[in-house]
Structure formats: structure tokens, C-alpha cells
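To be precise, the following lines are final.pdb, and they hold PDB, C-alpha atoms.
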```pdb
ATOM      1  CA  MET A   1      -0.179   0.844 -28.925
ATOM      2  CA  ASN A   2      -2.915   3.046 -27.436
ATOM      3  CA  GLN A   3      -3.330   3.775 -23.737
ATOM      4  CA  GLN A   4      -6.066   1.201 -23.182
ATOM      5  CA  GLU A   5      -3.938  -1.543 -24.735
ATOM      6  CA  ILE A   6      -0.998  -0.544 -22.516
ATOM      7  CA  ILE A   7      -3.236  -0.749 -19.423
ATOM      8  CA  LEU A   8      -4.433  -4.233 -20.439
ATOM      9  CA  GLN A   9      -0.849  -5.431 -20.937
ATOM     10  CA  LEU A  10       0.149  -4.098 -17.511
ATOM     11  CA  GLU A  11      -2.901  -5.757 -15.928
ATOM     12  CA  ASN A  12      -1.868  -9.140 -17.351
ATOM     13  CA  TYR A  13       1.740  -8.679 -16.215
ATOM     14  CA  VAL A  14       0.728  -7.772 -12.662
ATOM     15  CA  ARG A  15      -1.928 -10.498 -12.386
ATOM     16  CA  ASN A  16       0.675 -13.136 -13.204
ATOM     17  CA  LEU A  17       3.291 -11.629 -10.888
ATOM     18  CA  HIS A  18       1.028 -11.465  -7.819
ATOM     19  CA  GLN A  19      -0.812 -14.745  -8.434
ATOM     20  CA  GLY A  20      -1.218 -16.801  -5.281
ATOM     21  CA  ASP A  21      -0.249 -13.995  -2.905
ATOM     22  CA  SER A  22      -1.723 -14.452   0.583
ATOM     23  CA  SER A  23      -0.161 -11.420   2.282
ATOM     24  CA  GLY A  24      -2.829  -8.896   1.243
ATOM     25  CA  HIS A  25      -0.797  -7.756  -1.789
ATOM     26  CA  ASP A  26      -2.653  -9.812  -4.395
ATOM     27  CA  TRP A  27      -4.194  -8.706  -7.702
ATOM     28  CA  TYR A  28      -7.358  -7.540  -5.953
ATOM     29  CA  HIS A  29      -5.320  -5.155  -3.775
ATOM     30  CA  ILE A  30      -3.667  -3.797  -6.940
ATOM     31  CA  ASP A  31      -7.064  -3.368  -8.622
ATOM     32  CA  ARG A  32      -8.558  -1.561  -5.600
ATOM     33  CA  VAL A  33      -5.574   0.799  -5.441
ATOM     34  CA  ARG A  34      -5.900   1.434  -9.183
ATOM     35  CA  ASN A  35      -9.598   2.279  -8.852
ATOM     36  CA  LEU A  36      -8.993   4.553  -5.855
ATOM     37  CA  ALA A  37      -6.091   6.279  -7.621
ATOM     38  CA  VAL A  38      -8.077   6.922 -10.810
ATOM     39  CA  HIS A  39     -10.978   8.298  -8.741
ATOM     40  CA  ILE A  40      -8.651  10.670  -6.858
ATOM     41  CA  ALA A  41      -6.877  11.678 -10.104
ATOM     42  CA  GLN A  42     -10.214  12.674 -11.630
ATOM     43  CA  LYS A  43     -11.091  14.797  -8.593
ATOM     44  CA  GLU A  44      -7.615  16.357  -8.338
ATOM     45  CA  SER A  45      -7.143  16.969 -12.123
ATOM     46  CA  ALA A  46      -4.017  14.817 -12.426
ATOM     47  CA  ASN A  47      -2.651  12.776 -15.337
ATOM     48  CA  GLN A  48      -4.929   9.742 -15.119
ATOM     49  CA  PHE A  49      -2.870   7.565 -17.458
ATOM     50  CA  ILE A  50       0.341   7.968 -15.433
ATOM     51  CA  VAL A  51      -1.607   7.429 -12.201
ATOM     52  CA  GLU A  52      -3.277   4.253 -13.486
ATOM     53  CA  CYS A  53      -0.038   2.769 -14.839
ATOM     54  CA  ALA A  54       1.837   3.523 -11.611
ATOM     55  CA  ALA A  55      -0.979   2.141  -9.442
ATOM     56  CA  LEU A  56      -0.981  -1.111 -11.422
ATOM     57  CA  VAL A  57       2.761  -1.682 -10.937
ATOM     58  CA  HIS A  58       3.160  -0.060  -7.513
ATOM     59  CA  ASP A  59       4.059  -3.337  -5.733
ATOM     60  CA  VAL A  60       6.259  -4.807  -8.453
ATOM     61  CA  ILE A  61       9.493  -3.574  -6.852
ATOM     62  CA  ASP A  62       8.391  -3.641  -3.220
ATOM     63  CA  ASP A  63      11.346  -5.073  -1.279
ATOM     64  CA  LYS A  64       9.094  -6.681   1.335
ATOM     65  CA  LEU A  65       7.467  -8.804  -1.381
ATOM     66  CA  HIS A  66      10.365  -9.581  -3.715
ATOM     67  CA  ASP A  67      13.790 -10.913  -2.818
ATOM     68  CA  ASP A  68      15.686  -9.797  -5.920
ATOM     69  CA  PHE A  69      14.743  -6.129  -5.891
ATOM     70  CA  GLU A  70      17.229  -5.012  -8.576
ATOM     71  CA  ALA A  71      16.315  -7.752 -11.058
ATOM     72  CA  GLN A  72      12.625  -6.948 -10.596
ATOM     73  CA  LYS A  73      13.315  -3.243 -11.185
ATOM     74  CA  ILE A  74      15.291  -3.898 -14.395
ATOM     75  CA  GLN A  75      12.528  -6.167 -15.698
ATOM     76  CA  LEU A  76       9.831  -3.589 -14.940
ATOM     77  CA  GLU A  77      11.742  -0.727 -16.596
ATOM     78  CA  SER A  78      12.233  -2.882 -19.673
ATOM     79  CA  ILE A  79       8.509  -3.713 -19.874
ATOM     80  CA  LEU A  80       7.478  -0.076 -19.392
ATOM     81  CA  ASN A  81       9.932   1.144 -22.039
ATOM     82  CA  GLU A  82       8.632  -1.429 -24.490
ATOM     83  CA  LEU A  83       4.955  -0.671 -23.849
ATOM     84  CA  LEU A  84       5.014   3.110 -23.439
ATOM     85  CA  ASN A  85       7.880   3.993 -25.762
ATOM     86  CA  ASN A  86       8.083   7.311 -23.892
ATOM     87  CA  ASN A  87      11.084   7.913 -21.654
ATOM     88  CA  GLU A  88       9.485  10.755 -19.672
ATOM     89  CA  ASP A  89       6.390   8.699 -18.839
ATOM     90  CA  VAL A  90       8.530   5.740 -17.760
ATOM     91  CA  LYS A  91      10.620   8.021 -15.532
ATOM     92  CA  ALA A  92       7.448   9.478 -13.988
ATOM     93  CA  ILE A  93       6.038   6.020 -13.216
ATOM     94  CA  MET A  94       9.318   4.679 -11.808
ATOM     95  CA  TYR A  95       9.673   7.779  -9.616
ATOM     96  CA  ILE A  96       6.197   7.193  -8.153
ATOM     97  CA  ILE A  97       6.698   3.544  -7.277
ATOM     98  CA  GLU A  98      10.183   4.121  -5.856
ATOM     99  CA  ASN A  99       8.780   6.735  -3.452
ATOM    100  CA  ILE A 100       5.433   5.256  -2.428
ATOM    101  CA  SER A 101       6.353   3.133   0.598
ATOM    102  CA  TYR A 102       5.735   3.980   4.246
ATOM    103  CA  LYS A 103       8.991   2.350   5.439
ATOM    104  CA  GLY A 104       8.172   2.578   9.106
ATOM    105  CA  GLY A 105       7.666   6.332   8.924
ATOM    106  CA  ASN A 106      10.905   6.779   6.970
ATOM    107  CA  GLY A 107       9.207   7.204   3.608
ATOM    108  CA  VAL A 108       8.966  10.419   1.611
ATOM    109  CA  ILE A 109       6.169  12.534   0.167
ATOM    110  CA  PRO A 110       6.414  12.342  -3.640
ATOM    111  CA  THR A 111       6.965  15.697  -5.326
ATOM    112  CA  THR A 112       4.538  15.057  -8.201
ATOM    113  CA  LEU A 113       0.746  15.223  -7.880
ATOM    114  CA  GLU A 114       0.497  11.816  -9.543
ATOM    115  CA  GLY A 115       2.924  10.371  -6.985
ATOM    116  CA  LYS A 116       0.962  11.868  -4.100
ATOM    117  CA  ILE A 117      -2.240  10.338  -5.468
ATOM    118  CA  VAL A 118      -0.894   6.790  -5.891
ATOM    119  CA  GLN A 119       0.625   6.950  -2.402
ATOM    120  CA  ASP A 120      -2.747   8.066  -1.023
ATOM    121  CA  ALA A 121      -4.594   5.268  -2.832
ATOM    122  CA  ASP A 122      -2.201   2.601  -1.552
ATOM    123  CA  ARG A 123      -2.540   3.913   2.002
ATOM    124  CA  LEU A 124      -6.329   4.064   1.768
ATOM    125  CA  ASP A 125      -6.384   0.323   1.077
ATOM    126  CA  ALA A 126      -4.510  -0.171   4.364
ATOM    127  CA  ILE A 127      -7.303   1.495   6.380
ATOM    128  CA  GLY A 128     -10.915   0.435   6.975
ATOM    129  CA  ALA A 129     -12.379  -3.071   6.976
ATOM    130  CA  ILE A 130     -10.105  -4.307   4.209
ATOM    131  CA  GLY A 131      -7.162  -2.678   5.937
ATOM    132  CA  VAL A 132      -7.937  -4.637   9.108
ATOM    133  CA  ALA A 133      -8.177  -7.888   7.133
ATOM    134  CA  ARG A 134      -4.920  -7.164   5.276
ATOM    135  CA  THR A 135      -3.096  -6.375   8.522
ATOM    136  CA  PHE A 136      -3.894  -9.815   9.937
ATOM    137  CA  ALA A 137      -3.239 -11.556   6.599
ATOM    138  CA  TYR A 138       0.212  -9.968   6.368
ATOM    139  CA  GLY A 139       0.927 -10.633  10.044
ATOM    140  CA  GLY A 140       0.039 -14.304   9.628
ATOM    141  CA  LYS A 141       2.254 -14.542   6.559
ATOM    142  CA  LYS A 142       5.153 -13.073   8.575
ATOM    143  CA  GLY A 143       4.517 -15.378  11.553
ATOM    144  CA  ARG A 144       3.369 -12.588  13.866
ATOM    145  CA  SER A 145       0.875 -13.165  16.671
ATOM    146  CA  MET A 146      -2.517 -11.436  16.490
ATOM    147  CA  PHE A 147      -1.677  -9.630  19.709
ATOM    148  CA  ASN A 148       0.974  -9.954  22.369
ATOM    149  CA  PRO A 149       0.387  -7.692  25.385
ATOM    150  CA  GLU A 150       4.050  -8.081  26.365
ATOM    151  CA  PHE A 151       5.166  -6.165  23.264
ATOM    152  CA  LYS A 152       5.510  -2.392  23.381
ATOM    153  CA  ILE A 153       4.355  -0.026  20.634
ATOM    154  CA  ARG A 154       7.475   0.921  18.671
ATOM    155  CA  GLU A 155       8.102   4.576  17.788
ATOM    156  CA  ASN A 156      10.822   6.194  15.653
ATOM    157  CA  MET A 157      11.864   2.929  14.028
ATOM    158  CA  THR A 158      14.496   2.416  11.383
ATOM    159  CA  MET A 159      13.222   0.692   8.249
ATOM    160  CA  GLU A 160      14.982  -2.516   9.367
ATOM    161  CA  GLU A 161      13.252  -2.404  12.766
ATOM    162  CA  TYR A 162       9.891  -1.738  11.084
ATOM    163  CA  ARG A 163      10.321  -4.721   8.757
ATOM    164  CA  SER A 164      11.392  -7.043  11.572
ATOM    165  CA  ASP A 165       8.872  -9.436  13.088
ATOM    166  CA  LYS A 166       9.172  -8.100  16.637
ATOM    167  CA  SER A 167       5.602  -6.884  16.712
ATOM    168  CA  SER A 168       2.045  -8.203  16.659
ATOM    169  CA  SER A 169      -0.680  -7.450  14.147
ATOM    170  CA  LEU A 170      -2.559  -5.335  16.671
ATOM    171  CA  HIS A 171       0.573  -3.320  17.449
ATOM    172  CA  HIS A 172       0.889  -2.651  13.707
ATOM    173  CA  PHE A 173      -2.282  -0.567  13.865
ATOM    174  CA  TYR A 174      -0.547   1.828  16.249
ATOM    175  CA  GLU A 175       2.810   1.685  14.473
ATOM    176  CA  LYS A 176       1.389   2.470  11.030
ATOM    177  CA  ILE A 177      -2.316   2.113  10.203
ATOM    178  CA  LEU A 178      -3.705   4.737  12.600
ATOM    179  CA  LYS A 179      -1.111   7.248  11.386
ATOM    180  CA  LEU A 180      -2.125   7.078   7.738
ATOM    181  CA  LYS A 181      -5.171   9.362   7.815
ATOM    182  CA  ASP A 182      -3.066  12.380   8.776
ATOM    183  CA  LEU A 183      -0.483  11.539   6.112
ATOM    184  CA  MET A 184      -2.894  11.834   3.168
ATOM    185  CA  ASN A 185      -1.579  14.191   0.501
ATOM    186  CA  THR A 186      -4.859  15.173  -1.180
ATOM    187  CA  ASN A 187      -8.157  16.461   0.175
ATOM    188  CA  THR A 188     -10.036  13.810  -1.792
ATOM    189  CA  ALA A 189      -8.100  11.019  -0.088
ATOM    190  CA  LEU A 190      -8.404  12.636   3.337
ATOM    191  CA  GLU A 191     -12.192  12.648   3.082
ATOM    192  CA  LEU A 192     -12.176   8.947   2.180
ATOM    193  CA  ALA A 193      -9.684   8.182   4.963
ATOM    194  CA  LYS A 194     -11.754   9.683   7.781
ATOM    195  CA  GLU A 195     -14.512   7.041   7.748
ATOM    196  CA  ARG A 196     -12.039   4.187   7.296
ATOM    197  CA  HIS A 197      -9.929   5.480  10.190
ATOM    198  CA  LEU A 198     -12.977   5.502  12.489
ATOM    199  CA  PHE A 199     -13.718   1.904  11.572
ATOM    200  CA  VAL A 200     -10.196   0.848  12.600
ATOM    201  CA  GLU A 201     -10.537   2.659  15.942
ATOM    202  CA  LYS A 202     -13.866   0.903  16.599
ATOM    203  CA  PHE A 203     -12.377  -2.454  15.643
ATOM    204  CA  ILE A 204      -9.479  -2.034  18.084
ATOM    205  CA  ASP A 205     -11.887  -1.040  20.870
ATOM    206  CA  GLU A 206     -13.993  -4.154  20.279
ATOM    207  CA  PHE A 207     -10.924  -6.385  19.977
ATOM    208  CA  MET A 208      -9.566  -5.197  23.327
ATOM    209  CA  LYS A 209     -12.972  -5.569  25.026
ATOM    210  CA  GLU A 210     -13.140  -9.196  23.924
ATOM    211  CA  TRP A 211      -9.454  -9.809  24.735
ATOM    212  CA  ASN A 212      -9.812  -8.503  28.286
ATOM    213  CA  PHE A 213     -13.207 -10.071  28.988
ATOM    214  CA  LYS A 214     -13.487 -11.480  32.469
ATOM    215  CA  ILE A 215     -16.387 -13.510  33.882
TER     216      ILE A 215
END
```
Would you kindly transcribe this structure into C-alpha cells?
Amino acid sequence: MNQQEIILQLENYVRNLHQGDSSGHDWYHIDRVRNLAVHIAQKESANQFIVECAALVHDVIDDKLHDDFEAQKIQLESILNELLNNNEDVKAIMYIIENISYKGGNGVIPTTLEGKIVQDADRLDAIGAIGVARTFAYGGKKGRSMFNPEFKIRENMTMEEYRSDKSSSLHHFYEKILKLKDLMNTNTALELAKERHLFVEKFIDEFMKEWNFKI
């Protein structure tokens, strides 16, 4: 099986797995991250095939999306081994997706260039106009309010605290989204992040103006 056929098989697998998602982690999120990751890989001279495969499956074993994390991981490893038939490539892809998550600031920086790139691409899709939309989509899915002025911005959270629902969507911008620009691993991603970051800042300013409007 050639690389293009492997990519097509992974696309079909991921499309089916994320079908009907309303949390901002649907197929279109996966596809955007894939396109961003391939673009960055080209600019940063990385292994594009590994980057594209990892970007396509980067949410397959995300514990905030899947209840049976271990079963999902075993299934994914089995599919990758069958498709790639290359143990080193499978290890490289699994390493990337196991180390991509933000985890409330408790995540790690991947040691491989390919891992850094996929992490950057995933974080880029959390900033900008789409990032704003995804923040509110995910918040709604989790039963969070748009904004609750009685909540405080949480710092130095454990992963459990970060994943809890004791926050609002607007607070999430301060707890994660606005931090992402300065966490980019590659110069290519940083340049893309700057404009998206400014958009988020402008959105928050406008949101608060409208929230606090008094006649």
C-alpha cells in the first residue's frame, strides 16, 4: 500500500469515528489541522507523511472525547500497524498523539520535529475566528455558561481541575487560548498564530463591551 492509499484509509477511519461531533472536534477540525500541519512541515523540512498521518489521528485517543481510552488506543495501534507495516513509523505517530494535548498547562513539548509541528497545528485551530467558535461549541457541549462574572480565572490547574466544568467559555480564553501563541514550537506556526491571537483579543474586548453595556 502506497502512502496516498494509507492517507485515504486513515481519512475514512477518522471521518467515521468523529461523525456527528458537535464539540468542535469533528472531521473538519481534523482536516484543518492536517492542512496546517502539512503546510508547516513543508516550511520546516519535516517528514510530511508522518506529520499528515499523526494529524489525521491526533484526536482518536483524546481522553476528553472518548470514554474507553485504552480500547481506543489498542484499536488505533492495530490499524496503524496493518496500514503502515512499519514499526518505527507507528511508534513515531503514537508518540506524537500521546504528547500533543495541552492538559491545562500540564502537557509536554514533543521531542521530535514532527511532534512539535502537529502540536502547533492543533493549537492554531484553537485560536482565531474558528478558535472562538470552537470554544463556545465545546463549552455548550460541556454545559458551561458563555460567561459567569462570579467565576475567577484559574491558574496552575491540575489536569482534573482543567477538565472540570467549573469555568465559563470566556474564562477558557484566559485559561488556555490566549496562552497558545507563546507556546508555538516552530517559527512558521508562530507567524500564523500572531494574527489569530489578535483576533481573539479583539473578540474578548467587544464581548465585554456588549456584556457591560449600560443605558
Check the smallest atom-to-atom distance from each of A:Ala46, A:Ile177, A:Glu5, A:Asp31 to Asp59 in chain A using all atoms listed in the file, then report the winner.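 Nearest to Asp59 in chain A: A:Asp31.
The space separating CA of Ala129 in chain A from CA of Asn47 in chain A comes to 29.0 Å.
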Neighbour list for Phe173 in chain A as a list in words, cut-off 10 Å, all atoms listed in the file, skip fewer than 2 positions in-chain: Ala126, Ile127, Gly131, Val132, Thr135, Ile153, Ser168, Ser169, Leu170, His171, Glu175, Lys176, Ile177, Leu178, Lys179, Leu180, Val200, Glu201 and Ile204 of chain A
So which residues touch range 113-123 of chain A within 7 Å, counting all atoms listed in the file, skipping near sequence neighbours fewer than 3 positions away, as an MDAnalysis selection string? chainID A and resid 33 36:37 40:41 46:47 51 55 96 100 109:110 126:127 180 184:186 189
Ranking A:Val14, A:Gln9, A:Gln75, A:Ser23 by minimum distance to Phe136 in chain A and counting only C-alpha atoms, which one comes first?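 Of A:Val14, A:Gln9, A:Gln75, A:Ser23, the one nearest Phe136 in chain A is A:Ser23, counting only C-alpha atoms.
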Centre, x/y/z edge lengths, axis-aligned box for range 189-205 of chain A with 3 Å per side, as AutoDock Vina command-line options:
```
--center_x -11.3 --center_y 5.1 --center_z 10.4 --size_x 12.4 --size_y 21.1 --size_z 27.0
```
Just give me the residues with any atom within 12 Å of (-1.0, -10.8, -7.8), file coordinates, counting only C-alpha atoms, written as an NGL selection string. :A and (10-31 or 56-60 or 65)
Could you save the residues just selected, with C-alpha atoms, as a CSV table (one decimal), in the frame of the given file?
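File produced: part_3.csv:
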```csv
chain,number,residue,atom,x,y,z
A,10,LEU,CA,0.1,-4.1,-17.5
A,11,GLU,CA,-2.9,-5.8,-15.9
A,12,ASN,CA,-1.9,-9.1,-17.4
A,13,TYR,CA,1.7,-8.7,-16.2
A,14,VAL,CA,0.7,-7.8,-12.7
A,15,ARG,CA,-1.9,-10.5,-12.4
A,16,ASN,CA,0.7,-13.1,-13.2
A,17,LEU,CA,3.3,-11.6,-10.9
A,18,HIS,CA,1.0,-11.5,-7.8
A,19,GLN,CA,-0.8,-14.7,-8.4
A,20,GLY,CA,-1.2,-16.8,-5.3
A,21,ASP,CA,-0.2,-14.0,-2.9
A,22,SER,CA,-1.7,-14.5,0.6
A,23,SER,CA,-0.2,-11.4,2.3
A,24,GLY,CA,-2.8,-8.9,1.2
A,25,HIS,CA,-0.8,-7.8,-1.8
A,26,ASP,CA,-2.7,-9.8,-4.4
A,27,TRP,CA,-4.2,-8.7,-7.7
A,28,TYR,CA,-7.4,-7.5,-6.0
A,29,HIS,CA,-5.3,-5.2,-3.8
A,30,ILE,CA,-3.7,-3.8,-6.9
A,31,ASP,CA,-7.1,-3.4,-8.6
A,56,LEU,CA,-1.0,-1.1,-11.4
A,57,VAL,CA,2.8,-1.7,-10.9
A,58,HIS,CA,3.2,-0.1,-7.5
A,59,ASP,CA,4.1,-3.3,-5.7
A,60,VAL,CA,6.3,-4.8,-8.5
A,65,LEU,CA,7.5,-8.8,-1.4
```
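Computed from the coordinates, the CA of Asn35 in chain A to CA of Ile50 in chain A distance equals 13.2 Å.
The gap separating CA of Tyr174 in chain A from CA of Arg144 in chain A is 15.1 Å, in Å to one decimal.
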Can you list, as a list of chain:residue names, every protein, DNA or RNA residue that comes within 12 Å of Met208 in chain A when you count all atoms listed in the file, leaving out same-chain residues fewer than 3 positions away?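 Once the adjacent positions are removed, what remains is A:Met146, A:Phe147, A:Asn148, A:Pro149, A:Leu170, A:His171, A:Glu201, A:Lys202, A:Phe203, A:Ile204, A:Asp205, A:Trp211, A:Asn212, A:Phe213, A:Lys214.
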Give me the residues within 12 Å of Leu83 in chain A as an mmCIF file with C-alpha atoms, in the frame of the given file, counting all atoms listed in the file and dropping any in the same chain fewer than 4 places off.
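Saved result, selection.cif, follows:
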```
data_model
loop_
_atom_site.group_PDB
_atom_site.id
_atom_site.type_symbol
_atom_site.label_atom_id
_atom_site.label_comp_id
_atom_site.auth_asym_id
_atom_site.auth_seq_id
_atom_site.Cartn_x
_atom_site.Cartn_y
_atom_site.Cartn_z
ATOM 1 C CA MET A 1 -0.179 0.844 -28.925
ATOM 2 C CA ASN A 2 -2.915 3.046 -27.436
ATOM 3 C CA GLN A 3 -3.330 3.775 -23.737
ATOM 4 C CA GLN A 4 -6.066 1.201 -23.182
ATOM 5 C CA GLU A 5 -3.938 -1.543 -24.735
ATOM 6 C CA ILE A 6 -0.998 -0.544 -22.516
ATOM 7 C CA ILE A 7 -3.236 -0.749 -19.423
ATOM 8 C CA LEU A 8 -4.433 -4.233 -20.439
ATOM 9 C CA GLN A 9 -0.849 -5.431 -20.937
ATOM 10 C CA LEU A 10 0.149 -4.098 -17.511
ATOM 11 C CA TYR A 13 1.740 -8.679 -16.215
ATOM 12 C CA CYS A 53 -0.038 2.769 -14.839
ATOM 13 C CA LEU A 76 9.831 -3.589 -14.940
ATOM 14 C CA GLU A 77 11.742 -0.727 -16.596
ATOM 15 C CA SER A 78 12.233 -2.882 -19.673
ATOM 16 C CA ILE A 79 8.509 -3.713 -19.874
ATOM 17 C CA ASN A 87 11.084 7.913 -21.654
ATOM 18 C CA ASP A 89 6.390 8.699 -18.839
ATOM 19 C CA VAL A 90 8.530 5.740 -17.760
#
```
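Counting only C-alpha atoms and comparing A:Lys166, A:Ala54, A:Ile61, A:Ile130, the residue that lies closest to Lys91 in chain A is A:Ala54.
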Here is a test: counting only C-alpha atoms, which residue of A:Asp182, A:Glu70, A:Glu44, A:Asp62 is nearest to Lys194 in chain A?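 The answer is A:Asp182, which sits nearest to Lys194 in chain A.
Closest approach to Lys152 in chain A among A:Lys43, A:Lys73, A:Asn99, A:His172: A:His172, based on only C-alpha atoms.
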Since the input is missing atoms, can you rebuild N, CA, C and O atoms for range 113-136 of chain A and write them as a short mmCIF file (atom, residue, chain, number, x, y, z; two decimals), keeping the file's coordinate frame?
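In the end it all went to out01.cif:
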```cif
data_model
loop_
_atom_site.label_atom_id
_atom_site.label_comp_id
_atom_site.auth_asym_id
_atom_site.auth_seq_id
_atom_site.Cartn_x
_atom_site.Cartn_y
_atom_site.Cartn_z
N LEU A 113 2.14 15.44 -8.27
CA LEU A 113 0.75 15.22 -7.88
C LEU A 113 0.37 13.76 -8.11
O LEU A 113 -0.30 13.15 -7.27
N GLU A 114 0.82 13.21 -9.23
CA GLU A 114 0.50 11.82 -9.54
C GLU A 114 1.09 10.87 -8.49
O GLU A 114 0.45 9.90 -8.08
N GLY A 115 2.29 11.18 -8.03
CA GLY A 115 2.92 10.37 -6.98
C GLY A 115 2.17 10.46 -5.67
O GLY A 115 1.97 9.46 -4.98
N LYS A 116 1.74 11.66 -5.33
CA LYS A 116 0.96 11.87 -4.10
C LYS A 116 -0.33 11.06 -4.15
O LYS A 116 -0.75 10.46 -3.14
N ILE A 117 -0.95 11.02 -5.31
CA ILE A 117 -2.24 10.34 -5.47
C ILE A 117 -2.09 8.82 -5.33
O ILE A 117 -2.87 8.17 -4.64
N VAL A 118 -1.09 8.24 -5.98
CA VAL A 118 -0.89 6.79 -5.89
C VAL A 118 -0.51 6.40 -4.47
O VAL A 118 -0.98 5.37 -3.95
N GLN A 119 0.29 7.21 -3.81
CA GLN A 119 0.62 6.95 -2.40
C GLN A 119 -0.63 6.98 -1.54
O GLN A 119 -0.84 6.11 -0.69
N ASP A 120 -1.48 7.98 -1.77
CA ASP A 120 -2.75 8.07 -1.02
C ASP A 120 -3.61 6.83 -1.25
O ASP A 120 -4.17 6.27 -0.30
N ALA A 121 -3.74 6.41 -2.50
CA ALA A 121 -4.59 5.27 -2.83
C ALA A 121 -4.09 3.99 -2.17
O ALA A 121 -4.87 3.20 -1.63
N ASP A 122 -2.78 3.78 -2.18
CA ASP A 122 -2.20 2.60 -1.55
C ASP A 122 -2.45 2.63 -0.05
O ASP A 122 -2.77 1.60 0.57
N ARG A 123 -2.33 3.79 0.56
CA ARG A 123 -2.54 3.91 2.00
C ARG A 123 -4.02 3.78 2.37
O ARG A 123 -4.34 3.25 3.44
N LEU A 124 -4.90 4.22 1.50
CA LEU A 124 -6.33 4.06 1.77
C LEU A 124 -6.71 2.59 1.86
O LEU A 124 -7.58 2.21 2.63
N ASP A 125 -6.05 1.75 1.06
CA ASP A 125 -6.38 0.32 1.08
C ASP A 125 -5.82 -0.37 2.31
O ASP A 125 -6.08 -1.55 2.54
N ALA A 126 -5.03 0.37 3.10
CA ALA A 126 -4.51 -0.17 4.36
C ALA A 126 -5.37 0.22 5.56
O ALA A 126 -5.10 -0.18 6.68
N ILE A 127 -6.40 1.05 5.30
CA ILE A 127 -7.30 1.50 6.38
C ILE A 127 -8.69 0.91 6.13
O ILE A 127 -9.00 0.47 5.03
N GLY A 128 -9.56 0.93 7.14
CA GLY A 128 -10.92 0.44 6.98
C GLY A 128 -11.00 -1.07 7.17
O GLY A 128 -10.07 -1.72 7.65
N ALA A 129 -12.14 -1.64 6.77
CA ALA A 129 -12.38 -3.07 6.98
C ALA A 129 -11.36 -3.92 6.23
O ALA A 129 -10.81 -4.89 6.77
N ILE A 130 -11.09 -3.55 4.98
CA ILE A 130 -10.10 -4.31 4.21
C ILE A 130 -8.71 -4.12 4.80
O ILE A 130 -7.91 -5.05 4.86
N GLY A 131 -8.44 -2.93 5.29
CA GLY A 131 -7.16 -2.68 5.94
C GLY A 131 -6.95 -3.57 7.16
O GLY A 131 -5.85 -4.09 7.38
N VAL A 132 -8.01 -3.75 7.94
CA VAL A 132 -7.94 -4.64 9.11
C VAL A 132 -7.64 -6.07 8.64
O VAL A 132 -6.74 -6.74 9.18
N ALA A 133 -8.37 -6.53 7.64
CA ALA A 133 -8.18 -7.89 7.13
C ALA A 133 -6.76 -8.06 6.59
O ALA A 133 -6.10 -9.09 6.85
N ARG A 134 -6.27 -7.07 5.86
CA ARG A 134 -4.92 -7.16 5.28
C ARG A 134 -3.84 -7.16 6.36
O ARG A 134 -2.81 -7.82 6.22
N THR A 135 -4.07 -6.42 7.43
CA THR A 135 -3.10 -6.38 8.52
C THR A 135 -2.90 -7.76 9.12
O THR A 135 -1.77 -8.20 9.36
N PHE A 136 -4.00 -8.47 9.35
CA PHE A 136 -3.89 -9.82 9.94
C PHE A 136 -3.40 -10.84 8.91
O PHE A 136 -2.68 -11.77 9.27
#
```
